[in-house]
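Here's the structure we're looking at; comments come further down.
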Amino acid sequence: MLKINKQDALNYHSQSPAGKIEVVPTKPVSTQLDLALAYSPGVAEPCKEIAANKDEVYKYTAKGNLVGVISNGTAVLGLGNIGPDASKPVMEGKGVLFKKFAGIDCFDIEIDATDPEEFIRIVKSLEPTFGGINLEDIKAPECFPIETALREQMNIPLMHDDQHGTAIISSAALLNALEVVGKKIDEIRVVVSGAGAAAISCLRLYLELGLKRENVVVFDKDGIIHPQRTDLAALQMQFATERPITTLAQAMEGADFFLGLSAANVLAPELLLKMAANPIVFALANPDPEIPYEVAMATHEDIIMATGRSDHPNQVNNVLGFPYIFRGALDVRATEINEAMKLAAVRALAELAKEPVPDMVNKAYGDNTLSFGRTYLIPKPLDPRLITAVSPAVAKAAMESGVARIQIEDWFAYEDELRARLGVNQKLMNRITQAARSNPKRVVFAEGDTYKILKAAQILHDEGIAQPILLGNRNKIARIAQENSLDLEGCQVIDILHEEAKREEFAQKLYEKRQRRGITLYEGRRLLRERNYFGSMMLETGEADAFITGLSKDYGKSIVPSLQVIGVAEDVQRVASMYIIQHKKGPYFFADTTVNIDPSAEEMVEIIGLTSRAVKFFDTEPRIGVISYSNFGSNPGELPDKARRATELAKQRYPELILDGEMQANTALNPELLREQYPFSPLADKGGANTLIFPNVISGNIAYKVLQEIGGAEVIGPVLMGMRKPVHILQLGASVREIVNMAAIAVVDAQHPDGKGL
C-alpha cells in the first residue's frame, strides 16, 4: 500500500511564495505517487490546511494568479447588447491578453443575467475561486451599481475595465498632451460626447487629476446633460451643466479638450476650428472615431489627436493597463483596486512615454522616430517595459494605501520576477546594468555613424550606463539622429579624418609598439585612418575605458587591430569568446564560439580557465561540462579523445573547479540523467552543468545560434575573454538591445583594472 507523507503532499500542492515565480509552472503526474499526491489521498492535506486558515488557499492553490473575466454581453465592443453567448469570443480574447502580457491565468464566465441584483449575487458567489475579477462589457447605467456593490461586498481586486481601463489610459495621454502644449488641467475647458460607463469614469479620474467640474460639458444621444434631465443615473448627473449651452457648436467655442466616447462622425470638421489654440481631441469611438483622423489632422494643423485605432498614432488601448494593474494587485493580494492604484498606473504610463523607445518596439511598428511628443503620448502596447513600469507602481500604491495583504521589499527582485512570468530571465543582465550605473565608464564605438549604435548610445547615456564616444562622420551622425528623432546630447562624437594631430600621435605610438612586428611609421599612419585602430589606441592610451566594434565587419577583421594594439592579459596565452544564454531556467555559458576554430586539448584547457573566470565575473559558480558526441568514452574518435584529454588536463590545472567530461550536451544539462547513469560525475549532485566547453567553433557556433533562433532563449555576446583591456566584438548585425547589453558588460569589465575582469 502506497503511503503518503503529509509534508510531501503539502509540498506538491504549494504554489510559489508570495512575490516569487515558479521556474517550472507545472506539476509532474507521471507516477503512481504523483497521482496520489495530486488527488486522493494526498490532496486532503492542503484541504485541511485551508479549512483551518482560509488564507492558505493562496499557498496551496493557483487562486493568487487567477482572474475571472465576467460579462453578461449587454455592451460588447461596438456591437451592443448581443448577449452572453456572442460575447464569449471577446472574453476569451481578453484572457489571452492577460496571459500574454502579464502571465495571469484566466477563466472567462458569461452570465445569462441582466438584472443587476442577480448578476451581483452570482459574481459574489465566485469569490472563493478567483484572485481577482475583471468585469467586461456591461451596459450603463447598470454597470455603475454593479461595480459599486461588488467592490463593497468582495475582498479581492475587482475592476470594470470598460470604465476604468479607458479612464487610466486616456488620463496618461491627457497629462502628456497638456505637457506638450503647455496647458494646466485645472484651467482647461472640456467637451465630452458620450455619457456611458467609459466617459463618466474618464471624467471622474480627470477630476482626481485636477480637472474643474465647472469646466466640463457633457452630451449624450439625447443632447446636453443639464440639471432638468430625469433619464440618467446619479453618476451621470454629477456632470450636468448650468451654463447657457444647448448645442455642441456652442460648447466647442474656445474648448481645449474634446473627449469622444460615443459614435462615428458626430464631430463636424468646422467645429474643430472653434476650439482654442493647440486643441486636444481624443476621438475614441470604435471602430470609427467621432471624426476621421485624416480629416481632423487636415482641418487643424495644431491639433493633438488620439483614437482607439491601432493604425493611427496615440492609440488609447486598454491593454496598456488592465494586465499590469491586475498583476500588481494580485502580487500584493490587494483587497481592491482603489483610486490610488489607478492614479499610480496613470503616472507610470505617462512617465514611460518620456523614456527612449526600445528598438524592438521601433521594429514592431516600423517606425524609428517614436519619441515623446504630439504623436507619441503613451507607450505602444508591445512595449516590454510596461509590466515593470506599471505593475510595481500599482503594487506600491496598494501597499501605501493600506489595501495590500502582503508586502514587497526587494523591488529589483520583483522586477526580475515580472520578466520571468513572461519567460524572460533578466537577473544576470539586471545585476550587470545596475553595477554599470554605479560607475559609468567611457565606451568608444567604432561604428558610431550607424543607426543601431546611435540608438544604443542614446539609451546608454539616458539610463546612466555608459559615457558613449562615437567614431564617425559628424554630418552623417547628425542626419541619422534627426531622421530618427535621436537625442545624442552628452555623447562625444569624433570624426577621425579631421583629427590629424591625434592620428599622428597614435601612429607614432603604434609604430613604437609594433615596429619589430612588421609595421612601419608609414603603415601606422595608414592604419590610424581606420576606426578599429583609432578606437583601440584611445583605449590603449587611456582616452577611453572600453572599446566596442564588430557591428558591420566580420569577427576576424574586427579583432585583429585590438590584438595588435592592446594585446592579451599577462597570464593569458590566447583569447577566447563566450556567449551567455539567458533562459527561463537561468543563465548558461557557451565557449569557445567565435575565436578558436579547432583548439588542441591544451588550448581547450586555456579556454576552460578563461571561461571559468568569466562566469565567476558574472557572479555565477561555474559548473563545467566538456562537450563531445560521446559520454565518458562511449564512442571513439578524434573529438571525444581531445575533449577527454582536455578534461584530464583541466582537472589537474584547476582542481577547484566543478568540471567533467567528455559528455554529450544533454547529459551535461540533465542532472537526473547524470544521477541515474553517471552518479560518479561531480556534476550529478550540483544540478548539472551551466557552462559548456565545445571542442571546436563549429559545434559551439551552431549550438548558440539554434538556441537563439528557436530555443526560446536570449543570447548575449560574444564576450571576449583574455584581453589586457576591455574590448568586445559584437555579432555582425547585432540588435540595439544586444549592443546595450554588451556595453554594460564592457563598463563593468572596465571597473576592474586590477585584472579581476574578463
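Following the order of the C-alpha cells, chains are lettered A, B, ..., residues in each are numbered from 1, and ligands are numbered from 1.
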
Could you give me, as number ranges by chain, the residues within 8 Å of Leu272 of chain A, counting only C-alpha atoms and dropping anything in the same chain fewer than 4 positions from it?
-> A: 252, 268, 279, 296, 299-300

Using DSSP on the backbone coordinates, identify the residues of segment 96-196 of chain A assigned to strand (DSSP E or B); present them as a ChimeraX atom specification.
-> /A:105-110,132-135,158-160,190-193

Kindly export the residues of the current selection with N, CA, C and O atoms, as a PDB file, in the first residue's frame.
ATOM      1  N   ASP A 105      -3.358  33.789 -15.352  1.00  0.00           N
ATOM      2  CA  ASP A 105      -4.300  32.784 -15.824  1.00  0.00           C
ATOM      3  C   ASP A 105      -5.724  33.336 -15.741  1.00  0.00           C
ATOM      4  O   ASP A 105      -6.039  34.119 -14.836  1.00  0.00           O
ATOM      5  N   CYS A 106      -6.576  32.898 -16.665  1.00  0.00           N
ATOM      6  CA  CYS A 106      -7.945  33.436 -16.713  1.00  0.00           C
ATOM      7  C   CYS A 106      -8.969  32.344 -16.985  1.00  0.00           C
ATOM      8  O   CYS A 106      -8.693  31.391 -17.711  1.00  0.00           O
ATOM      9  N   PHE A 107     -10.142  32.514 -16.396  1.00  0.00           N
ATOM     10  CA  PHE A 107     -11.359  31.831 -16.830  1.00  0.00           C
ATOM     11  C   PHE A 107     -12.305  32.912 -17.315  1.00  0.00           C
ATOM     12  O   PHE A 107     -12.465  33.946 -16.650  1.00  0.00           O
ATOM     13  N   ASP A 108     -12.915  32.702 -18.473  1.00  0.00           N
ATOM     14  CA  ASP A 108     -13.968  33.630 -18.877  1.00  0.00           C
ATOM     15  C   ASP A 108     -15.312  33.021 -18.500  1.00  0.00           C
ATOM     16  O   ASP A 108     -15.543  31.820 -18.656  1.00  0.00           O
ATOM     17  N   ILE A 109     -16.189  33.853 -17.936  1.00  0.00           N
ATOM     18  CA  ILE A 109     -17.509  33.403 -17.497  1.00  0.00           C
ATOM     19  C   ILE A 109     -18.558  34.349 -18.066  1.00  0.00           C
ATOM     20  O   ILE A 109     -18.533  35.554 -17.806  1.00  0.00           O
ATOM     21  N   GLU A 110     -19.456  33.800 -18.869  1.00  0.00           N
ATOM     22  CA  GLU A 110     -20.538  34.575 -19.467  1.00  0.00           C
ATOM     23  C   GLU A 110     -21.827  34.241 -18.718  1.00  0.00           C
ATOM     24  O   GLU A 110     -22.239  33.073 -18.676  1.00  0.00           O
ATOM     25  N   GLY A 132      -8.891  37.695  -8.541  1.00  0.00           N
ATOM     26  CA  GLY A 132      -9.379  38.996  -8.975  1.00  0.00           C
ATOM     27  C   GLY A 132     -10.484  38.833 -10.003  1.00  0.00           C
ATOM     28  O   GLY A 132     -10.629  37.762 -10.611  1.00  0.00           O
ATOM     29  N   ILE A 133     -11.281  39.881 -10.199  1.00  0.00           N
ATOM     30  CA  ILE A 133     -12.403  39.855 -11.136  1.00  0.00           C
ATOM     31  C   ILE A 133     -12.286  41.036 -12.095  1.00  0.00           C
ATOM     32  O   ILE A 133     -12.187  42.194 -11.667  1.00  0.00           O
ATOM     33  N   ASN A 134     -12.317  40.746 -13.388  1.00  0.00           N
ATOM     34  CA  ASN A 134     -12.364  41.775 -14.431  1.00  0.00           C
ATOM     35  C   ASN A 134     -13.764  41.755 -15.040  1.00  0.00           C
ATOM     36  O   ASN A 134     -14.117  40.821 -15.769  1.00  0.00           O
ATOM     37  N   LEU A 135     -14.582  42.759 -14.715  1.00  0.00           N
ATOM     38  CA  LEU A 135     -15.904  42.882 -15.317  1.00  0.00           C
ATOM     39  C   LEU A 135     -15.757  43.474 -16.709  1.00  0.00           C
ATOM     40  O   LEU A 135     -14.941  44.367 -16.937  1.00  0.00           O
ATOM     41  N   LEU A 158     -11.141  44.041  -7.970  1.00  0.00           N
ATOM     42  CA  LEU A 158     -12.194  43.972  -8.988  1.00  0.00           C
ATOM     43  C   LEU A 158     -12.209  45.282  -9.753  1.00  0.00           C
ATOM     44  O   LEU A 158     -12.059  46.359  -9.172  1.00  0.00           O
ATOM     45  N   MET A 159     -12.377  45.188 -11.075  1.00  0.00           N
ATOM     46  CA  MET A 159     -12.419  46.393 -11.894  1.00  0.00           C
ATOM     47  C   MET A 159     -13.284  46.151 -13.116  1.00  0.00           C
ATOM     48  O   MET A 159     -13.190  45.092 -13.749  1.00  0.00           O
ATOM     49  N   HIS A 160     -14.131  47.126 -13.436  1.00  0.00           N
ATOM     50  CA  HIS A 160     -14.877  47.118 -14.691  1.00  0.00           C
ATOM     51  C   HIS A 160     -13.997  47.818 -15.713  1.00  0.00           C
ATOM     52  O   HIS A 160     -13.913  49.040 -15.745  1.00  0.00           O
ATOM     53  N   VAL A 190     -13.468  71.518 -21.205  1.00  0.00           N
ATOM     54  CA  VAL A 190     -13.619  70.165 -21.740  1.00  0.00           C
ATOM     55  C   VAL A 190     -15.027  69.946 -22.268  1.00  0.00           C
ATOM     56  O   VAL A 190     -16.012  70.311 -21.618  1.00  0.00           O
ATOM     57  N   VAL A 191     -15.116  69.322 -23.454  1.00  0.00           N
ATOM     58  CA  VAL A 191     -16.387  68.910 -24.042  1.00  0.00           C
ATOM     59  C   VAL A 191     -16.344  67.399 -24.227  1.00  0.00           C
ATOM     60  O   VAL A 191     -15.368  66.868 -24.776  1.00  0.00           O
ATOM     61  N   VAL A 192     -17.398  66.716 -23.787  1.00  0.00           N
ATOM     62  CA  VAL A 192     -17.449  65.258 -23.870  1.00  0.00           C
ATOM     63  C   VAL A 192     -18.658  64.836 -24.683  1.00  0.00           C
ATOM     64  O   VAL A 192     -19.779  65.298 -24.429  1.00  0.00           O
ATOM     65  N   SER A 193     -18.436  63.946 -25.636  1.00  0.00           N
ATOM     66  CA  SER A 193     -19.526  63.345 -26.398  1.00  0.00           C
ATOM     67  C   SER A 193     -19.658  61.903 -25.949  1.00  0.00           C
ATOM     68  O   SER A 193     -18.794  61.073 -26.216  1.00  0.00           O
TER      69      SER A 193
END

Quick one: residues within 8 Å of segment 437-445 of chain A, only C-alpha atoms counted, chain neighbours fewer than 2 positions away excluded, as a ChimeraX atom specification?
-> /A:433-435,447-448,453,463-471,535,544-549,743,746-747,750-751

Test item: residues at most 9 Å from segment 679-689 of chain A, only C-alpha atoms, excluding those fewer than 4 positions along its chain, as a PyMOL selection string | chain A and resi 588+622-625+658-661+667-675

Dump N, CA and C atoms for the selected residues as a PDB file, in the first residue's frame?
ATOM      1  N   TYR A 588      23.177  30.266 -18.967  1.00  0.00           N
ATOM      2  CA  TYR A 588      24.139  29.246 -19.369  1.00  0.00           C
ATOM      3  C   TYR A 588      25.260  29.949 -20.136  1.00  0.00           C
ATOM      4  N   PRO A 622      30.780  28.479 -11.784  1.00  0.00           N
ATOM      5  CA  PRO A 622      30.786  27.647 -12.994  1.00  0.00           C
ATOM      6  C   PRO A 622      30.706  26.161 -12.667  1.00  0.00           C
ATOM      7  N   ARG A 623      29.826  25.480 -13.393  1.00  0.00           N
ATOM      8  CA  ARG A 623      29.738  24.020 -13.357  1.00  0.00           C
ATOM      9  C   ARG A 623      29.959  23.582 -14.807  1.00  0.00           C
ATOM     10  N   ILE A 624      31.124  23.043 -15.085  1.00  0.00           N
ATOM     11  CA  ILE A 624      31.613  22.951 -16.453  1.00  0.00           C
ATOM     12  C   ILE A 624      31.487  21.540 -17.008  1.00  0.00           C
ATOM     13  N   GLY A 625      30.877  21.455 -18.169  1.00  0.00           N
ATOM     14  CA  GLY A 625      30.837  20.207 -18.924  1.00  0.00           C
ATOM     15  C   GLY A 625      31.619  20.369 -20.209  1.00  0.00           C
ATOM     16  N   ILE A 658      34.330  22.689 -10.524  1.00  0.00           N
ATOM     17  CA  ILE A 658      33.354  21.617 -10.728  1.00  0.00           C
ATOM     18  C   ILE A 658      33.350  21.354 -12.227  1.00  0.00           C
ATOM     19  N   LEU A 659      33.950  20.250 -12.649  1.00  0.00           N
ATOM     20  CA  LEU A 659      34.280  20.047 -14.051  1.00  0.00           C
ATOM     21  C   LEU A 659      34.226  18.566 -14.389  1.00  0.00           C
ATOM     22  N   ASP A 660      33.658  18.254 -15.570  1.00  0.00           N
ATOM     23  CA  ASP A 660      33.697  16.858 -16.008  1.00  0.00           C
ATOM     24  C   ASP A 660      33.508  16.782 -17.516  1.00  0.00           C
ATOM     25  N   GLY A 661      33.871  15.632 -18.073  1.00  0.00           N
ATOM     26  CA  GLY A 661      33.750  15.384 -19.494  1.00  0.00           C
ATOM     27  C   GLY A 661      34.575  14.163 -19.844  1.00  0.00           C
ATOM     28  N   THR A 667      23.457  15.226 -21.656  1.00  0.00           N
ATOM     29  CA  THR A 667      23.921  14.616 -20.410  1.00  0.00           C
ATOM     30  C   THR A 667      24.401  15.688 -19.438  1.00  0.00           C
ATOM     31  N   ALA A 668      25.183  16.620 -19.944  1.00  0.00           N
ATOM     32  CA  ALA A 668      25.715  17.685 -19.089  1.00  0.00           C
ATOM     33  C   ALA A 668      24.620  18.527 -18.473  1.00  0.00           C
ATOM     34  N   LEU A 669      23.531  18.754 -19.208  1.00  0.00           N
ATOM     35  CA  LEU A 669      22.480  19.667 -18.760  1.00  0.00           C
ATOM     36  C   LEU A 669      21.361  18.975 -17.984  1.00  0.00           C
ATOM     37  N   ASN A 670      21.371  17.643 -17.926  1.00  0.00           N
ATOM     38  CA  ASN A 670      20.270  16.892 -17.309  1.00  0.00           C
ATOM     39  C   ASN A 670      20.752  16.217 -16.030  1.00  0.00           C
ATOM     40  N   PRO A 671      20.502  16.847 -14.873  1.00  0.00           N
ATOM     41  CA  PRO A 671      21.014  16.265 -13.616  1.00  0.00           C
ATOM     42  C   PRO A 671      20.403  14.905 -13.288  1.00  0.00           C
ATOM     43  N   GLU A 672      19.148  14.685 -13.670  1.00  0.00           N
ATOM     44  CA  GLU A 672      18.526  13.380 -13.398  1.00  0.00           C
ATOM     45  C   GLU A 672      19.236  12.282 -14.182  1.00  0.00           C
ATOM     46  N   LEU A 673      19.530  12.562 -15.451  1.00  0.00           N
ATOM     47  CA  LEU A 673      20.260  11.581 -16.258  1.00  0.00           C
ATOM     48  C   LEU A 673      21.644  11.324 -15.680  1.00  0.00           C
ATOM     49  N   LEU A 674      22.298  12.370 -15.235  1.00  0.00           N
ATOM     50  CA  LEU A 674      23.612  12.201 -14.619  1.00  0.00           C
ATOM     51  C   LEU A 674      23.530  11.323 -13.378  1.00  0.00           C
ATOM     52  N   ARG A 675      22.530  11.589 -12.531  1.00  0.00           N
ATOM     53  CA  ARG A 675      22.411  10.805 -11.289  1.00  0.00           C
ATOM     54  C   ARG A 675      22.081   9.345 -11.586  1.00  0.00           C
TER      55      ARG A 675
END

Which is closer to Gly700 of chain A than all the others in A:Asn475, A:Thr388, A:Ser577, A:Asn368, using only C-alpha atoms?
-> A:Ser577
